[in-house]
Amino acid sequence: MRVVSGLLGLVLPLLAGAASATELRVVSSGGFAAAYRALAPDFERRTGDKLATEWGPSMGHTPQAVPARLARGEPIDVVVMVGYALDDLIKQGKVEADSRTPLARSGIAIAVRAGTPKPDIATVEGLRKTLLAAKSIAYSDSASGVYIEREMFKRLGIADEVKDKARMIPAEPVAAVVARGEAEIGFQQLSELKPVPGIEIVGLLPQEVQLYTVFSAGIVAGSREKEAARALVRFLASPEAAPAVRESGMEPLGAGAAR
């Protein structure tokens, strides 16, 4: 009987832990995906909770986009997305305002197909000449692409010259298009370019035309797992998460930013 009682003493806490484990439903934009993939197993190991994760752009009209998912009522607990797009969802009452937590910022970089020459983009004039000479240009349907299409081309004075050879890529990494040879030049967040094989990253845009995008996390209004959701958001912004954020090509903005 003592042996049985001892076994029960060991097993019951394990069963209780299993019973209290939570499944969190998360949707993250591609910009934070590399860091998130590195961090998710650590969070699950620390907490015993499970993360059911899907991916989608912070904006746009594809079915996978975060706003579209929330509009059709998908059950989501936490979103990780471009900060100003998250603000729009907060204004609509779809994300809790006090849960908004900046995680990282990322700059826009340029990629070319592996094995092809790297163009000169060290200066604004070099970038301008590179884009005028390119046969095809691709950019994302998220924050970086919107900026390139609506602002950067105009600032460089080449909007008319590139309009027929530049295109926005929906629902697919720009790097994949470049790797297949379907675009000579590809623009996207550095953190989204790094994980894709078959390309070479030329470098970040010159500072004069660079745009840094902030990625933030928020808890979806109506989430039934608020406590676990808060724990995940805190972890993604923690000092423990900062090395993975930096490795992915981003600058941490949470508690680990200064480390």
# chains A, B, ... in the order shown; residues from 1 in each chain; ligands from 1
call {"tool": "select_by_dssp", "arguments": {"residues": "region 39-250 of chain A", "states": "strand (DSSP E or B)", "output": "PyMOL selection string"}}
result
chain A and resi 50-55+78-82+95+101-106+108-113+137-140+166-169+185-189+199-204+213-220
call {"tool": "write_last_selection", "arguments": {"atoms": "C-alpha atoms", "output": "compact mmCIF listing (two decimals), in the first residue's frame"}}
result
# COMPACT_ATOMS: atom_id res chain seq x y z
CA LYS A 50 1.10 24.11 -26.43
CA LEU A 51 1.21 26.62 -29.25
CA ALA A 52 -1.00 26.07 -32.30
CA THR A 53 0.54 28.52 -34.74
CA GLU A 54 -0.40 29.77 -38.17
CA TRP A 55 1.09 32.47 -40.36
CA VAL A 78 -2.41 36.03 -29.64
CA VAL A 79 -1.37 37.91 -32.77
CA VAL A 80 2.15 39.06 -33.67
CA MET A 81 2.15 41.64 -36.45
CA VAL A 82 3.22 45.06 -37.69
CA VAL A 95 -7.36 43.28 -29.80
CA THR A 101 3.67 44.89 -26.54
CA PRO A 102 6.47 45.94 -28.94
CA LEU A 103 8.81 43.02 -29.59
CA ALA A 104 11.32 43.96 -32.29
CA ARG A 105 12.03 46.13 -35.28
CA SER A 106 13.38 45.07 -38.65
CA ILE A 108 14.20 46.27 -45.29
CA ALA A 109 16.87 44.37 -47.21
CA ILE A 110 17.47 43.37 -50.83
CA ALA A 111 18.06 39.84 -52.11
CA VAL A 112 19.16 38.36 -55.42
CA ARG A 113 19.21 34.79 -56.67
CA ILE A 137 11.54 43.73 -59.06
CA ALA A 138 9.44 42.06 -56.36
CA TYR A 139 8.25 43.27 -52.97
CA SER A 140 5.88 41.98 -50.30
CA ALA A 166 7.85 45.90 -60.27
CA ARG A 167 5.14 43.80 -58.63
CA MET A 168 3.73 43.05 -55.20
CA ILE A 169 3.85 39.39 -54.13
CA ILE A 185 15.64 41.97 -57.23
CA GLY A 186 13.56 41.26 -54.12
CA PHE A 187 12.70 43.56 -51.21
CA GLN A 188 11.50 42.33 -47.83
CA GLN A 189 12.25 42.54 -44.12
CA ILE A 199 19.12 33.62 -52.44
CA GLU A 200 21.91 35.95 -51.40
CA ILE A 201 21.17 38.97 -49.25
CA VAL A 202 22.81 42.03 -50.75
CA GLY A 203 22.27 44.18 -47.67
CA LEU A 204 19.97 46.64 -45.99
CA THR A 213 9.02 48.16 -39.10
CA VAL A 214 8.06 47.45 -35.50
CA PHE A 215 6.49 44.08 -34.74
CA SER A 216 4.21 43.90 -31.72
CA ALA A 217 2.15 41.27 -29.96
CA GLY A 218 -1.41 41.59 -28.68
CA ILE A 219 -4.11 39.47 -27.07
CA VAL A 220 -7.26 39.04 -29.10
call {"tool": "residues_around", "arguments": {"residues": "Arg150 (chain A)", "least_positions_apart": "4", "cutoff": "12 Å", "atoms": "only C-alpha atoms", "output": "PyMOL selection string"}}
result
chain A and resi 139+141+143-146+154-160+163+168
call {"tool": "write_last_selection", "arguments": {"atoms": "N, CA and C atoms", "output": "PDB file, in the first residue's frame"}}
result
ATOM      1  N   TYR A 139       8.325  42.810 -54.356  1.00  0.00           N
ATOM      2  CA  TYR A 139       8.251  43.273 -52.973  1.00  0.00           C
ATOM      3  C   TYR A 139       6.993  42.684 -52.338  1.00  0.00           C
ATOM      4  N   ASP A 141       3.511  42.076 -49.864  1.00  0.00           N
ATOM      5  CA  ASP A 141       2.210  42.732 -49.743  1.00  0.00           C
ATOM      6  C   ASP A 141       1.959  43.220 -48.325  1.00  0.00           C
ATOM      7  N   ALA A 143       3.942  45.527 -44.836  1.00  0.00           N
ATOM      8  CA  ALA A 143       4.363  46.906 -44.573  1.00  0.00           C
ATOM      9  C   ALA A 143       5.516  47.363 -45.452  1.00  0.00           C
ATOM     10  N   SER A 144       6.539  46.523 -45.610  1.00  0.00           N
ATOM     11  CA  SER A 144       7.698  46.941 -46.385  1.00  0.00           C
ATOM     12  C   SER A 144       7.331  47.190 -47.847  1.00  0.00           C
ATOM     13  N   GLY A 145       6.502  46.324 -48.411  1.00  0.00           N
ATOM     14  CA  GLY A 145       6.105  46.477 -49.804  1.00  0.00           C
ATOM     15  C   GLY A 145       5.243  47.698 -50.051  1.00  0.00           C
ATOM     16  N   VAL A 146       4.354  47.977 -49.109  1.00  0.00           N
ATOM     17  CA  VAL A 146       3.513  49.170 -49.230  1.00  0.00           C
ATOM     18  C   VAL A 146       4.388  50.424 -49.250  1.00  0.00           C
ATOM     19  N   LYS A 154       8.982  56.710 -55.366  1.00  0.00           N
ATOM     20  CA  LYS A 154       8.761  58.135 -55.630  1.00  0.00           C
ATOM     21  C   LYS A 154       9.923  58.982 -55.109  1.00  0.00           C
ATOM     22  N   ARG A 155      10.433  58.637 -53.932  1.00  0.00           N
ATOM     23  CA  ARG A 155      11.554  59.388 -53.360  1.00  0.00           C
ATOM     24  C   ARG A 155      12.802  59.254 -54.221  1.00  0.00           C
ATOM     25  N   LEU A 156      12.943  58.100 -54.857  1.00  0.00           N
ATOM     26  CA  LEU A 156      14.085  57.885 -55.751  1.00  0.00           C
ATOM     27  C   LEU A 156      13.861  58.496 -57.123  1.00  0.00           C
ATOM     28  N   GLY A 157      12.636  58.944 -57.395  1.00  0.00           N
ATOM     29  CA  GLY A 157      12.315  59.546 -58.677  1.00  0.00           C
ATOM     30  C   GLY A 157      12.227  58.564 -59.819  1.00  0.00           C
ATOM     31  N   ILE A 158      11.848  57.302 -59.511  1.00  0.00           N
ATOM     32  CA  ILE A 158      11.830  56.269 -60.555  1.00  0.00           C
ATOM     33  C   ILE A 158      10.470  55.559 -60.641  1.00  0.00           C
ATOM     34  N   ALA A 159       9.446  56.130 -60.053  1.00  0.00           N
ATOM     35  CA  ALA A 159       8.149  55.448 -59.993  1.00  0.00           C
ATOM     36  C   ALA A 159       7.634  55.089 -61.380  1.00  0.00           C
ATOM     37  N   ASP A 160       7.714  56.002 -62.312  1.00  0.00           N
ATOM     38  CA  ASP A 160       7.211  55.735 -63.664  1.00  0.00           C
ATOM     39  C   ASP A 160       8.083  54.713 -64.394  1.00  0.00           C
ATOM     40  N   LYS A 163       7.357  51.005 -62.854  1.00  0.00           N
ATOM     41  CA  LYS A 163       5.994  50.541 -62.590  1.00  0.00           C
ATOM     42  C   LYS A 163       5.610  49.299 -63.389  1.00  0.00           C
ATOM     43  N   MET A 168       3.952  43.470 -56.580  1.00  0.00           N
ATOM     44  CA  MET A 168       3.725  43.051 -55.202  1.00  0.00           C
ATOM     45  C   MET A 168       3.414  41.556 -55.188  1.00  0.00           C
TER      46      MET A 168
END
call {"tool": "closest_residue", "arguments": {"among": "A:Val174, A:Arg180, A:Leu131, A:Ala228", "to": "Asp49 (chain A)", "atoms": "only C-alpha atoms"}}
result
A:Ala228
call {"tool": "select_by_dssp", "arguments": {"residues": "region 8-155 of chain A", "states": "alpha helix (DSSP H)", "output": "NGL selection string"}}
result
:A and (8-20 or 33-47 or 66-71 or 83-91 or 124-133 or 143-147 or 153-155)
call {"tool": "write_last_selection", "arguments": {"atoms": "C-alpha atoms", "output": "compact mmCIF listing (two decimals), in the first residue's frame"}}
result
# COMPACT_ATOMS: atom_id res chain seq x y z
CA LEU A 8 0.11 8.00 -6.71
CA GLY A 9 1.98 10.84 -5.06
CA LEU A 10 4.25 11.04 -8.08
CA VAL A 11 1.63 10.50 -10.77
CA LEU A 12 -1.17 12.76 -9.55
CA PRO A 13 0.83 16.01 -9.83
CA LEU A 14 1.82 15.02 -13.36
CA LEU A 15 -1.81 14.37 -14.27
CA ALA A 16 -2.83 17.66 -12.73
CA GLY A 17 -0.17 19.44 -14.78
CA ALA A 18 -1.36 17.74 -17.95
CA ALA A 19 -4.97 18.63 -17.18
CA SER A 20 -4.06 22.30 -16.71
CA ALA A 33 8.45 34.06 -37.88
CA ALA A 34 12.12 33.09 -37.64
CA ALA A 35 12.44 34.35 -34.07
CA TYR A 36 9.10 32.84 -33.10
CA ARG A 37 10.01 29.40 -34.45
CA ALA A 38 13.20 29.48 -32.40
CA LEU A 39 11.41 30.60 -29.23
CA ALA A 40 8.20 28.54 -29.33
CA PRO A 41 9.73 25.22 -28.16
CA ASP A 42 11.36 26.97 -25.18
CA PHE A 43 8.04 28.52 -24.15
CA GLU A 44 6.27 25.16 -24.41
CA ARG A 45 8.99 23.48 -22.37
CA ARG A 46 8.89 26.13 -19.65
CA THR A 47 5.13 26.30 -19.30
CA VAL A 66 -4.53 38.62 -39.71
CA PRO A 67 -7.38 41.16 -40.17
CA ALA A 68 -9.23 38.74 -42.48
CA ARG A 69 -8.87 35.91 -39.98
CA LEU A 70 -10.31 38.02 -37.16
CA ALA A 71 -13.09 39.37 -39.39
CA GLY A 83 2.61 47.60 -34.93
CA TYR A 84 0.48 50.11 -36.81
CA ALA A 85 -1.70 47.34 -38.25
CA LEU A 86 -2.18 46.05 -34.71
CA ASP A 87 -3.24 49.55 -33.67
CA ASP A 88 -6.00 49.43 -36.28
CA LEU A 89 -7.31 46.18 -34.76
CA ILE A 90 -7.20 47.75 -31.30
CA LYS A 91 -9.30 50.68 -32.56
CA VAL A 124 20.98 56.02 -52.62
CA GLU A 125 22.35 56.70 -56.09
CA GLY A 126 23.68 53.16 -56.33
CA LEU A 127 20.28 51.79 -55.33
CA ARG A 128 18.57 54.02 -57.90
CA LYS A 129 20.82 52.82 -60.72
CA THR A 130 20.40 49.20 -59.63
CA LEU A 131 16.62 49.42 -59.79
CA LEU A 132 16.61 51.18 -63.14
CA ALA A 133 18.89 48.46 -64.56
CA ALA A 143 4.36 46.91 -44.57
CA SER A 144 7.70 46.94 -46.38
CA GLY A 145 6.10 46.48 -49.80
CA VAL A 146 3.51 49.17 -49.23
CA TYR A 147 6.31 51.59 -48.35
CA PHE A 153 10.12 54.58 -55.64
CA LYS A 154 8.76 58.13 -55.63
CA ARG A 155 11.55 59.39 -53.36
call {"tool": "closest_residue", "arguments": {"among": "A:Lys94, A:Leu205, A:Leu193, A:Val177", "to": "Asp77 (chain A)", "atoms": "only C-alpha atoms"}}
result
A:Lys94
call {"tool": "residues_around", "arguments": {"residues": "Pro57 (chain A)", "least_positions_apart": "6", "cutoff": "7 Å", "atoms": "only C-alpha atoms", "output": "list of chain:residue names"}}
result
A:Ser29, A:Gly30, A:Gln64, A:Ala65, A:Val66, A:Ser142
call {"tool": "write_last_selection", "arguments": {"atoms": "all heavy atoms", "output": "PDB file, in the first residue's frame"}}
result
ATOM      1  N   SER A  29       2.890  37.223 -38.202  1.00  0.00           N
ATOM      2  CA  SER A  29       3.315  37.637 -39.532  1.00  0.00           C
ATOM      3  C   SER A  29       4.689  37.059 -39.826  1.00  0.00           C
ATOM      4  O   SER A  29       5.436  36.669 -38.919  1.00  0.00           O
ATOM      5  CB  SER A  29       3.347  39.163 -39.632  1.00  0.00           C
ATOM      6  OG  SER A  29       4.432  39.672 -38.880  1.00  0.00           O
ATOM      7  N   GLY A  30       5.042  37.021 -41.105  1.00  0.00           N
ATOM      8  CA  GLY A  30       6.306  36.421 -41.497  1.00  0.00           C
ATOM      9  C   GLY A  30       7.519  37.147 -40.958  1.00  0.00           C
ATOM     10  O   GLY A  30       8.575  36.535 -40.767  1.00  0.00           O
ATOM     11  N   GLN A  64      -5.331  34.627 -45.586  1.00  0.00           N
ATOM     12  CA  GLN A  64      -4.440  34.344 -44.463  1.00  0.00           C
ATOM     13  C   GLN A  64      -4.106  35.582 -43.631  1.00  0.00           C
ATOM     14  O   GLN A  64      -3.566  35.456 -42.533  1.00  0.00           O
ATOM     15  CB  GLN A  64      -3.122  33.732 -44.974  1.00  0.00           C
ATOM     16  CG  GLN A  64      -3.288  32.400 -45.675  1.00  0.00           C
ATOM     17  CD  GLN A  64      -3.518  32.566 -47.171  1.00  0.00           C
ATOM     18  OE1 GLN A  64      -3.770  33.673 -47.662  1.00  0.00           O
ATOM     19  NE2 GLN A  64      -3.432  31.470 -47.905  1.00  0.00           N
ATOM     20  N   ALA A  65      -4.394  36.765 -44.137  1.00  0.00           N
ATOM     21  CA  ALA A  65      -4.039  37.994 -43.428  1.00  0.00           C
ATOM     22  C   ALA A  65      -4.722  38.043 -42.064  1.00  0.00           C
ATOM     23  O   ALA A  65      -5.863  37.597 -41.900  1.00  0.00           O
ATOM     24  CB  ALA A  65      -4.431  39.217 -44.255  1.00  0.00           C
ATOM     25  N   VAL A  66      -4.004  38.588 -41.078  1.00  0.00           N
ATOM     26  CA  VAL A  66      -4.533  38.622 -39.708  1.00  0.00           C
ATOM     27  C   VAL A  66      -5.891  39.325 -39.638  1.00  0.00           C
ATOM     28  O   VAL A  66      -6.830  38.794 -39.019  1.00  0.00           O
ATOM     29  CB  VAL A  66      -3.520  39.282 -38.751  1.00  0.00           C
ATOM     30  CG1 VAL A  66      -4.127  39.430 -37.354  1.00  0.00           C
ATOM     31  CG2 VAL A  66      -2.236  38.466 -38.682  1.00  0.00           C
ATOM     32  N   SER A 142       3.015  43.281 -47.514  1.00  0.00           N
ATOM     33  CA  SER A 142       2.886  43.778 -46.153  1.00  0.00           C
ATOM     34  C   SER A 142       3.530  45.150 -46.041  1.00  0.00           C
ATOM     35  O   SER A 142       3.686  45.855 -47.043  1.00  0.00           O
ATOM     36  CB  SER A 142       3.502  42.778 -45.167  1.00  0.00           C
ATOM     37  OG  SER A 142       3.080  43.047 -43.850  1.00  0.00           O
TER      38      SER A 142
END
call {"tool": "closest_residue", "arguments": {"among": "A:Val26, A:Ala21, A:Leu190, A:Ala175", "to": "Val233 (chain A)", "atoms": "only C-alpha atoms"}}
result
A:Val26
call {"tool": "atom_distance", "arguments": {"atom1": "CA of Ala241 (chain A)", "atom2": "CA of Val196 (chain A)"}}
result
21.8 Å
call {"tool": "closest_residue", "arguments": {"among": "A:Lys135, A:His61, A:Arg25, A:Arg246", "to": "Pro170 (chain A)", "atoms": "only C-alpha atoms"}}
result
A:His61
call {"tool": "atom_distance", "arguments": {"atom1": "CA of Lys226 (chain A)", "atom2": "CA of Asp98 (chain A)"}}
result
12.2 Å
call {"tool": "decode", "arguments": {"residues": "region 94-215 of chain A", "atoms": "C-alpha atoms", "output": "CSV table (one decimal), in the first residue's frame"}}
result
chain,number,residue,atom,x,y,z
A,94,LYS,CA,-10.6,43.2,-31.9
A,95,VAL,CA,-7.4,43.3,-29.8
A,96,GLU,CA,-7.0,44.4,-26.2
A,97,ALA,CA,-5.4,47.8,-26.0
A,98,ASP,CA,-3.5,47.1,-22.8
A,99,SER,CA,-1.9,44.0,-24.2
A,100,ARG,CA,0.0,45.7,-27.0
A,101,THR,CA,3.7,44.9,-26.5
A,102,PRO,CA,6.5,45.9,-28.9
A,103,LEU,CA,8.8,43.0,-29.6
A,104,ALA,CA,11.3,44.0,-32.3
A,105,ARG,CA,12.0,46.1,-35.3
A,106,SER,CA,13.4,45.1,-38.7
A,107,GLY,CA,14.8,46.9,-41.6
A,108,ILE,CA,14.2,46.3,-45.3
A,109,ALA,CA,16.9,44.4,-47.2
A,110,ILE,CA,17.5,43.4,-50.8
A,111,ALA,CA,18.1,39.8,-52.1
A,112,VAL,CA,19.2,38.4,-55.4
A,113,ARG,CA,19.2,34.8,-56.7
A,114,ALA,CA,22.1,32.7,-55.3
A,115,GLY,CA,25.1,32.8,-57.7
A,116,THR,CA,24.2,36.1,-59.4
A,117,PRO,CA,26.2,39.3,-59.0
A,118,LYS,CA,25.4,41.5,-56.1
A,119,PRO,CA,24.4,45.0,-57.2
A,120,ASP,CA,25.6,48.2,-55.6
A,121,ILE,CA,23.1,49.5,-53.1
A,122,ALA,CA,25.6,51.1,-50.7
A,123,THR,CA,24.3,54.6,-51.6
A,124,VAL,CA,21.0,56.0,-52.6
A,125,GLU,CA,22.4,56.7,-56.1
A,126,GLY,CA,23.7,53.2,-56.3
A,127,LEU,CA,20.3,51.8,-55.3
A,128,ARG,CA,18.6,54.0,-57.9
A,129,LYS,CA,20.8,52.8,-60.7
A,130,THR,CA,20.4,49.2,-59.6
A,131,LEU,CA,16.6,49.4,-59.8
A,132,LEU,CA,16.6,51.2,-63.1
A,133,ALA,CA,18.9,48.5,-64.6
A,134,ALA,CA,16.9,45.5,-63.1
A,135,LYS,CA,14.7,43.6,-65.4
A,136,SER,CA,12.2,42.7,-62.6
A,137,ILE,CA,11.5,43.7,-59.1
A,138,ALA,CA,9.4,42.1,-56.4
A,139,TYR,CA,8.3,43.3,-53.0
A,140,SER,CA,5.9,42.0,-50.3
A,141,ASP,CA,2.2,42.7,-49.7
A,142,SER,CA,2.9,43.8,-46.2
A,143,ALA,CA,4.4,46.9,-44.6
A,144,SER,CA,7.7,46.9,-46.4
A,145,GLY,CA,6.1,46.5,-49.8
A,146,VAL,CA,3.5,49.2,-49.2
A,147,TYR,CA,6.3,51.6,-48.3
A,148,ILE,CA,8.4,50.7,-51.4
A,149,GLU,CA,5.5,51.0,-53.8
A,150,ARG,CA,3.9,54.1,-52.4
A,151,GLU,CA,6.9,56.1,-51.1
A,152,MET,CA,10.4,54.8,-51.9
A,153,PHE,CA,10.1,54.6,-55.6
A,154,LYS,CA,8.8,58.1,-55.6
A,155,ARG,CA,11.6,59.4,-53.4
A,156,LEU,CA,14.1,57.9,-55.8
A,157,GLY,CA,12.3,59.5,-58.7
A,158,ILE,CA,11.8,56.3,-60.6
A,159,ALA,CA,8.1,55.4,-60.0
A,160,ASP,CA,7.2,55.7,-63.7
A,161,GLU,CA,10.3,53.9,-64.9
A,162,VAL,CA,9.8,50.8,-62.7
A,163,LYS,CA,6.0,50.5,-62.6
A,164,ASP,CA,5.8,48.0,-65.4
A,165,LYS,CA,8.5,45.7,-64.0
A,166,ALA,CA,7.8,45.9,-60.3
A,167,ARG,CA,5.1,43.8,-58.6
A,168,MET,CA,3.7,43.1,-55.2
A,169,ILE,CA,3.9,39.4,-54.1
A,170,PRO,CA,0.8,38.2,-52.1
A,171,ALA,CA,0.8,35.3,-49.7
A,172,GLU,CA,4.4,34.1,-50.5
A,173,PRO,CA,7.9,35.1,-49.3
A,174,VAL,CA,9.5,37.4,-51.8
A,175,ALA,CA,12.7,35.4,-51.4
A,176,ALA,CA,11.0,32.3,-52.9
A,177,VAL,CA,10.2,34.3,-56.0
A,178,VAL,CA,13.7,35.5,-56.3
A,179,ALA,CA,15.2,32.0,-55.7
A,180,ARG,CA,13.1,30.7,-58.6
A,181,GLY,CA,14.4,33.4,-60.9
A,182,GLU,CA,11.1,35.0,-61.3
A,183,ALA,CA,12.4,38.4,-60.0
A,184,GLU,CA,15.9,39.8,-60.3
A,185,ILE,CA,15.6,42.0,-57.2
A,186,GLY,CA,13.6,41.3,-54.1
A,187,PHE,CA,12.7,43.6,-51.2
A,188,GLN,CA,11.5,42.3,-47.8
A,189,GLN,CA,12.3,42.5,-44.1
A,190,LEU,CA,15.7,41.1,-43.4
A,191,SER,CA,14.2,38.7,-40.9
A,192,GLU,CA,11.9,37.3,-43.7
A,193,LEU,CA,14.7,36.9,-46.2
A,194,LYS,CA,17.3,35.2,-44.0
A,195,PRO,CA,15.6,31.7,-43.7
A,196,VAL,CA,14.9,31.2,-47.4
A,197,PRO,CA,17.5,29.1,-49.4
A,198,GLY,CA,18.5,29.9,-52.9
A,199,ILE,CA,19.1,33.6,-52.4
A,200,GLU,CA,21.9,35.9,-51.4
A,201,ILE,CA,21.2,39.0,-49.2
A,202,VAL,CA,22.8,42.0,-50.8
A,203,GLY,CA,22.3,44.2,-47.7
A,204,LEU,CA,20.0,46.6,-46.0
A,205,LEU,CA,18.6,49.7,-47.8
A,206,PRO,CA,20.7,52.9,-47.3
A,207,GLN,CA,19.7,54.7,-44.2
A,208,GLU,CA,18.3,57.7,-46.1
A,209,VAL,CA,15.5,55.5,-47.6
A,210,GLN,CA,15.3,52.8,-44.9
A,211,LEU,CA,12.1,52.1,-43.1
A,212,TYR,CA,12.1,50.1,-39.9
A,213,THR,CA,9.0,48.2,-39.1
A,214,VAL,CA,8.1,47.5,-35.5
A,215,PHE,CA,6.5,44.1,-34.7
